[in-house]
file start-v1.txt (compact mmCIF, C-alpha atoms)
# COMPACT_ATOMS: atom_id res chain seq x y z
CA MET A 972 -19.10 19.39 23.42
CA ASN A 973 -15.96 17.34 23.94
CA ILE A 974 -15.64 13.60 24.00
CA ILE A 975 -12.16 12.26 24.57
CA ILE A 976 -11.44 8.64 23.80
CA SER A 977 -8.39 7.15 25.43
CA ASN A 978 -6.80 4.01 24.06
CA ALA A 979 -4.65 3.64 27.14
CA SER A 980 -7.65 3.38 29.42
CA GLY A 981 -8.81 -0.15 30.14
CA GLN A 982 -12.42 1.03 29.87
CA PRO A 983 -14.17 -0.09 26.65
CA ILE A 984 -14.76 2.75 24.19
CA TYR A 985 -18.55 2.57 24.36
CA GLU A 986 -18.34 2.95 28.14
CA GLN A 987 -16.05 5.95 27.80
CA ILE A 988 -18.66 7.61 25.59
CA CYS A 989 -21.48 6.71 28.01
CA THR A 990 -19.61 8.06 31.02
CA GLN A 991 -18.73 11.33 29.35
CA LEU A 992 -22.18 11.96 27.90
CA LYS A 993 -23.76 11.13 31.26
CA GLN A 994 -21.47 13.57 32.99
CA MET A 995 -22.48 16.28 30.53
CA ILE A 996 -26.13 15.53 31.12
CA LEU A 997 -25.82 15.44 34.91
CA SER A 998 -23.78 18.64 34.99
CA GLY A 999 -26.34 20.40 32.81
CA GLU A 1000 -23.94 21.01 29.92
CA LEU A 1001 -26.39 19.01 27.83
CA LYS A 1002 -29.98 19.98 28.49
CA GLU A 1003 -33.28 18.24 28.11
CA GLY A 1004 -34.28 18.11 24.46
CA ASP A 1005 -30.78 18.79 23.11
CA LEU A 1006 -30.09 16.91 19.90
CA LEU A 1007 -27.08 14.60 20.05
CA PRO A 1008 -24.83 13.97 17.04
CA SER A 1009 -26.00 11.02 14.93
CA MET A 1010 -24.28 7.70 15.54
CA ARG A 1011 -22.58 7.83 12.15
CA VAL A 1012 -21.30 11.38 12.63
CA LEU A 1013 -20.03 10.51 16.09
CA ALA A 1014 -18.27 7.41 14.72
CA LYS A 1015 -16.68 9.42 11.92
CA GLU A 1016 -15.49 12.22 14.19
CA LEU A 1017 -14.13 9.92 16.89
CA ARG A 1018 -12.83 7.46 14.27
CA ILE A 1019 -14.46 4.47 15.82
CA SER A 1020 -16.88 1.93 14.46
CA VAL A 1021 -20.60 2.66 14.14
CA ILE A 1022 -21.43 -0.40 16.19
CA THR A 1023 -19.53 1.10 19.10
CA THR A 1024 -21.43 4.39 19.03
CA LYS A 1025 -24.69 2.51 18.54
CA ARG A 1026 -23.98 0.48 21.63
CA ALA A 1027 -23.18 3.60 23.68
CA TYR A 1028 -26.45 5.26 22.64
CA GLU A 1029 -28.46 2.11 23.31
CA GLU A 1030 -26.95 1.87 26.76
CA LEU A 1031 -27.79 5.51 27.53
CA GLU A 1032 -31.30 5.04 26.20
CA ARG A 1033 -31.80 1.98 28.39
CA GLU A 1034 -30.68 3.96 31.42
CA GLY A 1035 -33.13 6.72 30.56
CA PHE A 1036 -30.69 9.45 29.59
CA LEU A 1037 -31.63 9.55 25.92
CA VAL A 1038 -34.71 9.14 23.83
CA THR A 1039 -34.66 8.20 20.17
CA ALA A 1040 -37.17 9.69 17.78
CA ALA A 1041 -37.25 7.59 14.60
CA GLY A 1042 -35.94 9.59 11.67
CA LYS A 1043 -35.10 12.59 13.82
CA GLY A 1044 -32.25 11.44 16.01
CA CYS A 1045 -31.33 11.04 19.65
CA PHE A 1046 -32.29 13.63 22.24
CA VAL A 1047 -31.43 14.19 25.88
CA ALA A 1048 -34.35 12.80 27.86
CA SER A 1049 -36.29 14.83 30.38
CA MET A 1050 -34.42 14.19 33.57
CA ASN A 1051 -36.12 12.33 36.24
CA ARG A 1052 -34.91 13.65 39.62
CA GLU A 1053 -34.92 10.18 41.04
CA LEU A 1054 -32.66 8.99 38.22
CA VAL A 1055 -30.17 11.79 38.72
CA ARG A 1056 -30.02 11.10 42.45
CA GLU A 1057 -29.58 7.40 41.76
CA GLU A 1058 -26.71 8.09 39.41
CA HIS A 1059 -25.00 10.39 41.89
CA LEU A 1060 -25.36 7.81 44.64
CA ARG A 1061 -23.87 5.18 42.38
CA ARG A 1062 -20.84 7.34 41.71
CA ILE A 1063 -20.38 8.20 45.37
CA GLU A 1064 -20.40 4.51 46.21
CA GLU A 1065 -17.87 3.83 43.50
CA HIS A 1066 -15.48 6.40 44.95
CA PHE A 1067 -15.99 5.16 48.49
CA SER A 1068 -15.24 1.59 47.42
CA GLU A 1069 -12.07 2.81 45.80
CA ALA A 1070 -11.13 4.65 49.01
CA VAL A 1071 -11.76 1.51 51.06
CA ARG A 1072 -9.54 -0.53 48.75
CA LEU A 1073 -6.77 2.04 49.08
CA ALA A 1074 -7.21 2.10 52.86
CA ARG A 1075 -6.90 -1.66 53.03
CA GLY A 1076 -3.73 -1.51 50.95
CA ALA A 1077 -2.30 1.12 53.28
CA GLY A 1078 -3.28 -0.89 56.39
CA LEU A 1079 -5.74 1.71 57.70
CA GLN A 1080 -8.42 0.87 60.26
CA ARG A 1081 -12.11 1.53 59.71
CA GLY A 1082 -12.10 4.23 62.39
CA GLU A 1083 -9.24 6.08 60.76
CA LEU A 1084 -11.02 6.07 57.42
CA ILE A 1085 -14.20 7.47 58.94
CA GLU A 1086 -12.14 10.12 60.68
CA ILE A 1087 -10.66 11.20 57.35
CA LEU A 1088 -14.16 11.43 55.86
CA GLU A 1089 -15.36 13.54 58.76
CA THR A 1090 -12.42 15.89 58.47
CA ILE A 1091 -13.11 16.35 54.76
CA CYS A 1092 -16.82 16.93 55.39
CA GLU A 1093 -15.98 19.58 57.97
CA GLY A 1094 -13.56 21.26 55.60
CA GLU A 1095 -16.20 21.33 52.86
CA ALA A 1096 -18.86 22.36 55.39
CA LEU A 1097 -21.19 19.46 54.46
CA MET B 1350 -30.24 -7.37 4.93
CA ASN B 1351 -26.72 -8.59 4.27
CA ALA B 1352 -24.74 -6.76 1.60
CA ILE B 1353 -22.51 -9.78 1.31
CA GLU B 1354 -23.11 -13.31 2.43
CA ILE B 1355 -20.63 -16.07 1.70
CA ARG B 1356 -21.60 -19.66 2.45
CA ASP B 1357 -19.17 -22.57 2.51
CA LEU B 1358 -17.01 -21.25 -0.27
CA CYS B 1359 -14.26 -23.60 -1.43
CA LYS B 1360 -11.56 -23.21 -4.02
CA SER B 1361 -8.43 -25.22 -4.37
CA TYR B 1362 -5.25 -24.47 -6.27
CA GLY B 1363 -3.08 -27.51 -5.77
CA ASP B 1364 -1.15 -26.53 -2.68
CA PHE B 1365 -3.53 -23.79 -1.58
CA GLN B 1366 -7.05 -24.33 -0.46
CA LEU B 1367 -9.85 -21.98 0.50
CA ASP B 1368 -11.78 -24.08 2.94
CA HIS B 1369 -15.49 -23.49 3.60
CA ILE B 1370 -15.34 -19.71 3.92
CA ARG B 1371 -18.34 -18.20 5.67
CA LEU B 1372 -18.87 -14.49 6.08
CA SER B 1373 -21.69 -12.05 6.30
CA LEU B 1374 -21.52 -8.30 6.07
CA PRO B 1375 -24.74 -6.53 7.11
CA GLU B 1376 -25.70 -3.51 5.04
CA GLY B 1377 -24.38 -0.25 6.51
CA CYS B 1378 -21.38 -1.88 8.15
CA VAL B 1379 -17.66 -2.15 7.55
CA MET B 1380 -15.89 -5.50 7.62
CA GLY B 1381 -12.14 -5.96 7.80
CA LEU B 1382 -10.78 -9.14 6.29
CA ILE B 1383 -7.46 -9.67 7.96
CA GLY B 1384 -4.74 -12.27 7.72
CA GLU B 1385 -1.11 -12.61 6.72
CA ASN B 1386 0.06 -12.58 3.10
CA GLY B 1387 -1.12 -15.67 1.26
CA ALA B 1388 -3.89 -16.45 3.74
CA GLY B 1389 -6.62 -16.28 1.10
CA LYS B 1390 -7.89 -12.70 1.36
CA SER B 1391 -7.44 -11.83 -2.29
CA THR B 1392 -8.72 -15.20 -3.48
CA THR B 1393 -11.90 -14.62 -1.49
CA ILE B 1394 -12.30 -11.16 -3.01
CA HIS B 1395 -11.62 -12.41 -6.53
CA LEU B 1396 -14.30 -15.07 -6.04
CA LEU B 1397 -16.65 -12.43 -4.73
CA LEU B 1398 -16.08 -10.31 -7.83
CA ASP B 1399 -16.65 -13.31 -10.09
CA LEU B 1400 -13.14 -13.01 -11.49
CA ILE B 1401 -12.56 -16.69 -10.73
CA ARG B 1402 -14.97 -19.57 -10.24
CA ALA B 1403 -15.49 -21.34 -6.94
CA ASP B 1404 -15.32 -25.14 -6.66
CA SER B 1405 -18.34 -25.09 -4.38
CA GLY B 1406 -20.27 -22.79 -2.09
CA GLU B 1407 -22.44 -19.79 -2.56
CA ILE B 1408 -22.02 -16.01 -2.62
CA LEU B 1409 -25.02 -13.76 -2.15
CA LEU B 1410 -25.02 -10.04 -2.81
CA TYR B 1411 -28.04 -8.29 -1.31
CA GLY B 1412 -29.68 -11.68 -1.01
CA GLN B 1413 -29.15 -12.80 -4.62
CA PRO B 1414 -26.57 -15.20 -6.07
CA HIS B 1415 -23.73 -12.97 -7.21
CA THR B 1416 -23.33 -14.36 -10.73
CA ARG B 1417 -27.00 -13.73 -11.44
CA VAL B 1418 -27.11 -10.14 -10.19
CA PHE B 1419 -23.68 -9.08 -11.26
CA PRO B 1420 -24.43 -7.50 -14.62
CA ALA B 1421 -26.94 -5.18 -12.96
CA LEU B 1422 -25.04 -4.73 -9.71
CA LYS B 1423 -21.62 -3.90 -11.08
CA GLU B 1424 -22.59 -0.24 -11.20
CA GLU B 1425 -23.25 -0.32 -7.51
CA ILE B 1426 -20.02 -1.92 -6.41
CA GLY B 1427 -16.88 0.16 -6.20
CA VAL B 1428 -13.78 -1.99 -6.43
CA VAL B 1429 -10.22 -1.09 -5.58
CA LEU B 1430 -7.59 -3.76 -6.05
CA ASP B 1431 -4.03 -3.57 -4.78
CA GLU B 1432 -2.67 -2.55 -8.18
CA ALA B 1433 -4.21 0.36 -10.04
CA CYS B 1434 -4.86 -0.93 -13.55
CA PHE B 1435 -5.11 2.23 -15.62
CA PRO B 1436 -3.23 2.48 -18.90
CA GLU B 1437 -0.13 4.49 -18.10
CA THR B 1438 -0.49 6.85 -21.04
CA LEU B 1439 -3.82 8.32 -19.88
CA ASN B 1440 -4.44 11.39 -17.77
CA VAL B 1441 -7.44 11.95 -15.49
CA ARG B 1442 -9.48 13.74 -18.15
CA GLU B 1443 -9.13 10.81 -20.51
CA ILE B 1444 -9.95 8.40 -17.73
CA ASN B 1445 -13.06 10.44 -17.01
CA SER B 1446 -14.15 10.18 -20.67
CA ILE B 1447 -13.73 6.42 -20.66
CA MET B 1448 -15.53 5.91 -17.35
CA ARG B 1449 -18.38 8.13 -18.48
CA THR B 1450 -19.18 5.63 -21.20
CA ALA B 1451 -18.48 2.59 -19.02
CA PHE B 1452 -20.80 3.48 -16.12
CA ARG B 1453 -24.38 4.61 -16.49
CA ASN B 1454 -24.28 6.50 -13.19
CA TRP B 1455 -20.86 8.05 -13.68
CA SER B 1456 -20.57 11.56 -12.24
CA SER B 1457 -17.77 13.65 -13.70
CA GLU B 1458 -18.48 16.25 -11.07
CA THR B 1459 -17.92 13.79 -8.23
CA PHE B 1460 -14.82 12.43 -9.94
CA PHE B 1461 -13.20 15.81 -10.43
CA GLY B 1462 -14.19 16.70 -6.89
CA TYR B 1463 -11.99 13.84 -5.64
CA VAL B 1464 -9.25 14.65 -8.16
CA GLY B 1465 -9.11 18.17 -6.71
CA ARG B 1466 -9.31 17.00 -3.14
CA PHE B 1467 -6.47 14.51 -3.66
CA HIS B 1468 -4.41 17.07 -5.62
CA LEU B 1469 -4.06 14.68 -8.54
CA PRO B 1470 -2.41 16.51 -11.46
CA GLU B 1471 -4.90 16.74 -14.32
CA LYS B 1472 -2.40 16.92 -17.12
CA LYS B 1473 0.15 14.34 -16.08
CA THR B 1474 -0.30 10.78 -17.27
CA VAL B 1475 -0.72 7.89 -14.83
CA LYS B 1476 2.84 6.87 -15.62
CA ALA B 1477 4.14 9.84 -13.62
CA TYR B 1478 1.97 9.03 -10.58
CA SER B 1479 3.35 7.74 -7.30
CA ARG B 1480 1.84 4.62 -5.74
CA GLY B 1481 -0.22 6.78 -3.38
CA MET B 1482 -1.56 8.87 -6.27
CA LYS B 1483 -2.51 5.78 -8.27
CA MET B 1484 -4.36 4.38 -5.29
CA LYS B 1485 -6.19 7.68 -4.76
CA LEU B 1486 -7.12 7.66 -8.45
CA SER B 1487 -8.56 4.12 -8.14
CA ILE B 1488 -10.55 5.15 -5.11
CA ALA B 1489 -11.80 8.31 -6.86
CA VAL B 1490 -13.06 6.12 -9.72
CA ALA B 1491 -14.65 3.61 -7.34
CA LEU B 1492 -16.54 6.38 -5.57
CA SER B 1493 -17.74 8.23 -8.66
CA HIS B 1494 -20.30 5.82 -10.08
CA GLY B 1495 -22.81 5.78 -7.25
CA ALA B 1496 -21.56 2.61 -5.55
CA ARG B 1497 -23.23 1.44 -2.37
CA LEU B 1498 -20.77 -1.35 -1.69
CA LEU B 1499 -17.06 -0.70 -1.66
CA ILE B 1500 -14.66 -3.63 -1.92
CA LEU B 1501 -11.02 -2.87 -1.26
CA ASP B 1502 -8.23 -5.38 -1.53
CA GLU B 1503 -5.05 -4.25 0.24
CA ALA B 1504 -5.83 -0.72 -0.89
CA THR B 1505 -3.99 0.98 1.95
CA SER B 1506 -0.90 -1.23 2.00
CA GLY B 1507 2.28 0.40 0.84
CA LEU B 1508 0.95 3.89 1.46
CA ASP B 1509 2.37 6.34 3.95
CA PRO B 1510 0.48 7.08 7.19
CA VAL B 1511 -0.70 10.51 6.02
CA VAL B 1512 -2.34 9.14 2.88
CA ARG B 1513 -3.81 6.18 4.78
CA ASP B 1514 -5.33 8.62 7.21
CA GLU B 1515 -6.90 10.65 4.37
CA LEU B 1516 -8.37 7.48 2.90
CA LEU B 1517 -9.74 6.44 6.25
CA ASP B 1518 -11.56 9.79 6.42
CA LEU B 1519 -13.00 9.07 3.03
CA PHE B 1520 -14.27 5.67 4.11
CA PHE B 1521 -15.89 7.20 7.18
CA GLU B 1522 -17.61 9.71 4.91
CA PHE B 1523 -18.79 6.93 2.62
CA VAL B 1524 -20.52 5.06 5.44
CA GLN B 1525 -22.30 8.19 6.64
CA ASP B 1526 -25.03 6.90 4.34
CA GLU B 1527 -26.40 3.92 6.22
CA ARG B 1528 -27.07 1.96 3.04
CA HIS B 1529 -23.36 1.96 2.24
CA SER B 1530 -21.12 -0.94 3.20
CA ILE B 1531 -17.40 -1.67 2.93
CA LEU B 1532 -15.40 -4.87 2.75
CA ILE B 1533 -11.73 -4.09 3.18
CA SER B 1534 -8.89 -6.56 3.25
CA SER B 1535 -5.58 -5.58 4.71
CA HIS B 1536 -2.71 -6.67 6.83
CA ILE B 1537 -2.33 -3.15 8.19
CA THR B 1538 -4.59 -3.66 11.12
CA SER B 1539 -4.18 -0.30 12.81
CA ASP B 1540 -6.26 1.28 10.02
CA LEU B 1541 -8.92 -1.36 10.26
CA GLU B 1542 -9.02 -1.15 14.01
CA LYS B 1543 -10.47 2.32 13.75
CA ILE B 1544 -13.25 1.79 11.26
CA CYS B 1545 -14.32 -1.85 11.26
CA ASP B 1546 -17.59 -3.02 12.76
CA TYR B 1547 -16.79 -6.64 11.97
CA VAL B 1548 -13.52 -8.49 11.73
CA ALA B 1549 -12.93 -11.73 9.87
CA PHE B 1550 -9.58 -13.39 10.41
CA ILE B 1551 -8.46 -15.75 7.67
CA HIS B 1552 -5.51 -18.10 8.03
CA HIS B 1553 -4.33 -20.77 5.57
CA GLY B 1554 -7.58 -20.52 3.68
CA ARG B 1555 -9.84 -20.86 6.71
CA ILE B 1556 -11.85 -18.31 8.64
CA LEU B 1557 -10.70 -18.62 12.24
CA ILE B 1558 -12.73 -15.75 13.65
CA SER B 1559 -15.56 -13.66 12.28
CA GLU B 1560 -17.17 -11.39 14.81
CA GLU B 1561 -18.16 -7.88 15.83
CA ARG B 1562 -14.93 -6.13 16.66
CA ASP B 1563 -16.10 -4.82 20.02
CA ILE B 1564 -17.22 -8.27 21.09
CA LEU B 1565 -13.93 -9.73 19.96
CA GLU B 1566 -12.11 -7.18 22.06
CA GLU B 1567 -14.16 -8.08 25.09
CA ARG B 1568 -13.84 -11.79 24.52
CA LEU B 1569 -10.09 -12.03 23.91
CA GLY B 1570 -7.13 -10.66 25.79
CA ILE B 1571 -3.42 -11.12 26.32
CA VAL B 1572 -1.98 -12.76 29.39
CA LYS B 1573 1.71 -12.42 30.16
CA CYS B 1574 2.94 -14.94 32.69
CA ALA B 1575 5.41 -17.68 33.50
CA ARG B 1576 5.38 -20.93 31.57
CA GLU B 1577 4.22 -22.88 34.65
CA GLN B 1578 1.27 -20.51 35.15
CA LEU B 1579 0.23 -20.99 31.54
CA ARG B 1580 0.21 -24.76 31.93
CA GLU B 1581 -2.27 -24.47 34.80
CA LEU B 1582 -4.81 -22.67 32.63
CA ASP B 1583 -7.65 -24.39 30.83
CA GLN B 1584 -5.82 -25.16 27.58
CA THR B 1585 -8.95 -24.76 25.45
CA ALA B 1586 -9.09 -21.12 26.59
CA VAL B 1587 -5.62 -20.49 25.18
CA LEU B 1588 -5.72 -19.63 21.48
CA GLY B 1589 -2.11 -18.85 20.74
CA VAL B 1590 1.19 -18.55 22.54
CA ARG B 1591 4.45 -16.70 21.99
CA GLU B 1592 7.30 -17.94 24.13
CA SER B 1593 10.45 -16.14 25.13
CA ALA B 1594 13.30 -17.15 27.39
CA PHE B 1595 11.71 -15.32 30.29
CA GLY B 1596 8.04 -16.09 30.01
CA VAL B 1597 5.09 -16.46 27.69
CA GLU B 1598 2.51 -14.24 26.09
CA ALA B 1599 -0.79 -15.89 25.30
CA LEU B 1600 -4.00 -14.94 23.56
CA VAL B 1601 -6.81 -16.14 25.79
CA GLU B 1602 -10.57 -16.17 26.23
CA ARG B 1603 -10.99 -13.63 29.02
CA GLY B 1604 -13.99 -15.29 30.60
CA ARG B 1605 -12.24 -18.59 31.19
CA ILE B 1606 -9.13 -17.30 32.90
CA PRO B 1607 -9.08 -17.37 36.71
CA ALA B 1608 -9.24 -14.00 38.45
CA GLY B 1609 -5.89 -12.65 39.58
CA LEU B 1610 -4.09 -12.98 36.29
CA GLN B 1611 -3.70 -9.61 34.64
CA ILE B 1612 -5.36 -9.58 31.21
CA GLU B 1613 -4.33 -6.91 28.75
CA ARG B 1614 -6.12 -5.61 25.69
CA ALA B 1615 -5.28 -7.54 22.51
CA SER B 1616 -4.84 -5.47 19.36
CA LEU B 1617 -5.79 -6.95 15.99
CA ASP B 1618 -2.07 -7.35 15.32
CA ASP B 1619 -1.66 -9.39 18.50
CA MET B 1620 -4.59 -11.53 17.41
CA ILE B 1621 -3.18 -12.18 13.93
CA VAL B 1622 0.27 -13.04 15.21
CA LEU B 1623 -0.79 -15.20 18.13
CA LEU B 1624 -3.64 -16.96 16.36
CA SER B 1625 -1.40 -17.92 13.49
CA LYS B 1626 1.17 -19.23 15.96
CA GLY B 1627 -1.48 -21.10 17.85
CA VAL B 1628 -2.99 -23.02 14.97
CA LYS B 1629 -0.93 -25.90 13.76
call {"tool": "encode", "arguments": {"input": "start-v1.txt", "output": "C-alpha cells"}}
result
Amino acid sequence: MNIIISNASGQPIYEQICTQLKQMILSGELKEGDLLPSMRVLAKELRISVITTKRAYEELEREGFLVTAAGKGCFVASMNRELVREEHLRRIEEHFSEAVRLARGAGLQRGELIEILETICEGEAL
Amino acid sequence: MNAIEIRDLCKSYGDFQLDHIRLSLPEGCVMGLIGENGAGKSTTIHLLLDLIRADSGEILLYGQPHTRVFPALKEEIGVVLDEACFPETLNVREINSIMRTAFRNWSSETFFGYVGRFHLPEKKTVKAYSRGMKMKLSIAVALSHGARLLILDEATSGLDPVVRDELLDLFFEFVQDERHSILISSHITSDLEKICDYVAFIHHGRILISEERDILEERLGIVKCAREQLRELDQTAVLGVRESAFGVEALVERGRIPAGLQIERASLDDMIVLLSKGVK
C-alpha cells in the first residue's frame, strides 16, 4: 500500500490521505475487512501529526468507507453499492466541471464541448 | 486529560516579562512551543520544571499542581535541556551507574539500546563528545527511566539535519504509545512542522497563538499583493506584513479575505516572522 503526501499540493494532508485511501478501496486494492494501519503508525511513517491522520480516518468513517472496532483498529467497511456509485458520480462531475472551466478559458462553445465528449465516448466504445 | 495545563502564568525579570501564559497539552499529543530567541520559551519550561518560581498563575501536570506532584512525577518526565549537563570526565557506563541509583525505573537495557543505536562510544568520556553526541546522550537518558512526558528545550537546535531527522524518528516512536506526550520548544520550525499536533507561538513573553496545527494551517495563509490592494483588505484580518519595494507579503485570516486574491500556504516560519513583525 502506498500513500504519497505532497507538500507542493494545495490539498490539505488529511484530504490527500482520504483521497488515496478511497481510491484504493474503490479500485479493490483494499478489500472489505482489511485492517488499516493504526493512526499512530500512519503518522510515524508519513511523518505527520497524529491529529492529521485521526482526522483523515474520521472523515472516511463518516463517509462510510471505514469502520472502527474499539481496541482492534480501523477496517475497510463492507461496500455499499450505492455508496460506490455515488462516489464515482461525484468524481465524474468533478472532472466535467474542470473540463467546463477549461473550455470557458479557451472560448469553446457548449456544442463543441459536447462534440468532444461524444468523440471520446465513441473512441472508448461507451 | 491534559498532560500539561498552564493557567495565567506570570513571571517578571525587570525588563522581561512572561505575561499570562496559557497552554494545554492533551495527553498523547505533541506540542511545539515556537518563538524567536528570548521570547520566553525557556523561561516557560523552567517554570514548568519548578526550577524557578512563578510570580502568579498555575501549572497543572496530569490535573495536579506541579509543585505538589513533582517529587512523585519526576520519574515520569524526561527532560532534555539545550545544554547537556553531564560531568565531562564520565563515560556512558559511569553515567548508567549513577542514573541507576537516581531513578527507580531506570532501565540499563533501554539505555544501552539507545547508546548502541546512536553509536555513542562507550569508553570515551563526555568531554570527547560532539554537540550532537551529547544531545543524543541526554535524550537516551531521558528515555530510559520510563517517562511518559518528554520536555525538550531547544534540543534539536545546533544539530545537523541528519541527526535532527534521527531524533524526529525517535519522537515519533515515543508517541506510538498513546499515553505519551511531548512538549518541544524550538526555533527550527521545519522539524516541528512534521510532528506537532499543537503549536503555541510565544512572542515577547505572550502567547499569540495556541492551536491545533492543522487548524492553524487552514485558518492562516499568505497573500502577496500590491500595497494598495492590502489597504483595501479588512485590516483586522491582516496579522503581519513584510514590505518590499515591489509589493507586500501579508499573513492573513483566510476566511476574511475576498475571493480572487491568491492565498498561499503559510509555513510555521512564515508565521513566526510575520507575526513578530505585525505585533508592535
call {"tool": "interface_residues", "arguments": {"input": "start-v1.txt", "of": "chain A", "to": "chain B", "cutoff": "12 Å", "atoms": "only C-alpha atoms", "output": "number ranges by chain"}}
result
A: 976, 978-986, 1009-1027
call {"tool": "residues_around", "arguments": {"input": "start-v1.txt", "residues": "Tyr1362 of chain B", "least_positions_apart": "2", "cutoff": "12 Å", "atoms": "all atoms listed in the file", "output": "PDB file with C-alpha atoms, keeping the file's coordinate frame"}}
result
ATOM      1  CA  CYS B1359     -14.260 -23.600  -1.430  1.00  0.00           C
ATOM      2  CA  LYS B1360     -11.560 -23.210  -4.020  1.00  0.00           C
ATOM      3  CA  ASP B1364      -1.150 -26.530  -2.680  1.00  0.00           C
ATOM      4  CA  PHE B1365      -3.530 -23.790  -1.580  1.00  0.00           C
ATOM      5  CA  GLN B1366      -7.050 -24.330  -0.460  1.00  0.00           C
ATOM      6  CA  LEU B1367      -9.850 -21.980   0.500  1.00  0.00           C
ATOM      7  CA  ASP B1368     -11.780 -24.080   2.940  1.00  0.00           C
ATOM      8  CA  GLY B1389      -6.620 -16.280   1.100  1.00  0.00           C
ATOM      9  CA  THR B1392      -8.720 -15.200  -3.480  1.00  0.00           C
ATOM     10  CA  ILE B1401     -12.560 -16.690 -10.730  1.00  0.00           C
ATOM     11  CA  ARG B1402     -14.970 -19.570 -10.240  1.00  0.00           C
ATOM     12  CA  ALA B1403     -15.490 -21.340  -6.940  1.00  0.00           C
ATOM     13  CA  ASP B1404     -15.320 -25.140  -6.660  1.00  0.00           C
ATOM     14  CA  GLY B1554      -7.580 -20.520   3.680  1.00  0.00           C
TER      15      GLY B1554
END
call {"tool": "closest_residue", "arguments": {"input": "start-v1.txt", "among": "B:Asn1440, B:Ile1488, B:Glu1458, B:Arg1603", "to": "Asp1583 of chain B", "atoms": "all atoms listed in the file"}}
result
B:Arg1603
call {"tool": "atom_distance", "arguments": {"input": "start-v1.txt", "atom1": "atom CA of Ile1063 of chain A", "atom2": "atom CA of Glu1095 of chain A"}}
result
15.7 Å
call {"tool": "atom_distance", "arguments": {"input": "start-v1.txt", "atom1": "atom CA of Leu1374 of chain B", "atom2": "atom CA of Ile1500 of chain B"}}
result
11.5 Å
call {"tool": "residues_near_point", "arguments": {"input": "start-v1.txt", "point": "(-35.2, 11.4, 13.8)", "cutoff": "12 Å", "atoms": "all atoms listed in the file", "output": "list in words"}}
result
Leu1006, Leu1007, Pro1008, Ser1009, Met1010, Val1038, Thr1039, Ala1040, Ala1041, Gly1042, Lys1043, Gly1044, Cys1045 and Phe1046 of chain A
call {"tool": "decode", "arguments": {"input": "start-v1.txt", "residues": "segment 996-1021 of chain A", "atoms": "C-alpha atoms", "output": "CSV table (one decimal), in the first residue's frame"}}
result
chain,number,residue,atom,x,y,z
A,996,ILE,CA,-10.9,1.0,-1.7
A,997,LEU,CA,-12.9,1.8,-4.8
A,998,SER,CA,-10.3,0.1,-7.0
A,999,GLY,CA,-10.4,-3.0,-4.9
A,1000,GLU,CA,-6.8,-2.8,-3.8
A,1001,LEU,CA,-8.1,-2.6,-0.3
A,1002,LYS,CA,-10.9,-5.1,0.4
A,1003,GLU,CA,-13.7,-5.3,2.8
A,1004,GLY,CA,-12.5,-6.3,6.2
A,1005,ASP,CA,-8.8,-5.3,5.5
A,1006,LEU,CA,-7.1,-3.9,8.6
A,1007,LEU,CA,-5.7,-0.4,8.1
A,1008,PRO,CA,-2.5,0.8,9.8
A,1009,SER,CA,-3.2,2.4,13.2
A,1010,MET,CA,-3.3,6.2,13.3
A,1011,ARG,CA,-0.1,6.4,15.2
A,1012,VAL,CA,1.8,4.1,12.9
A,1013,LEU,CA,0.5,6.0,9.8
A,1014,ALA,CA,1.6,9.3,11.4
A,1015,LYS,CA,5.0,8.0,12.2
A,1016,GLU,CA,5.6,6.5,8.7
A,1017,LEU,CA,4.3,9.6,6.9
A,1018,ARG,CA,5.9,11.9,9.4
A,1019,ILE,CA,2.8,13.9,10.0
A,1020,SER,CA,0.9,14.7,13.2
A,1021,VAL,CA,-1.5,12.1,14.8
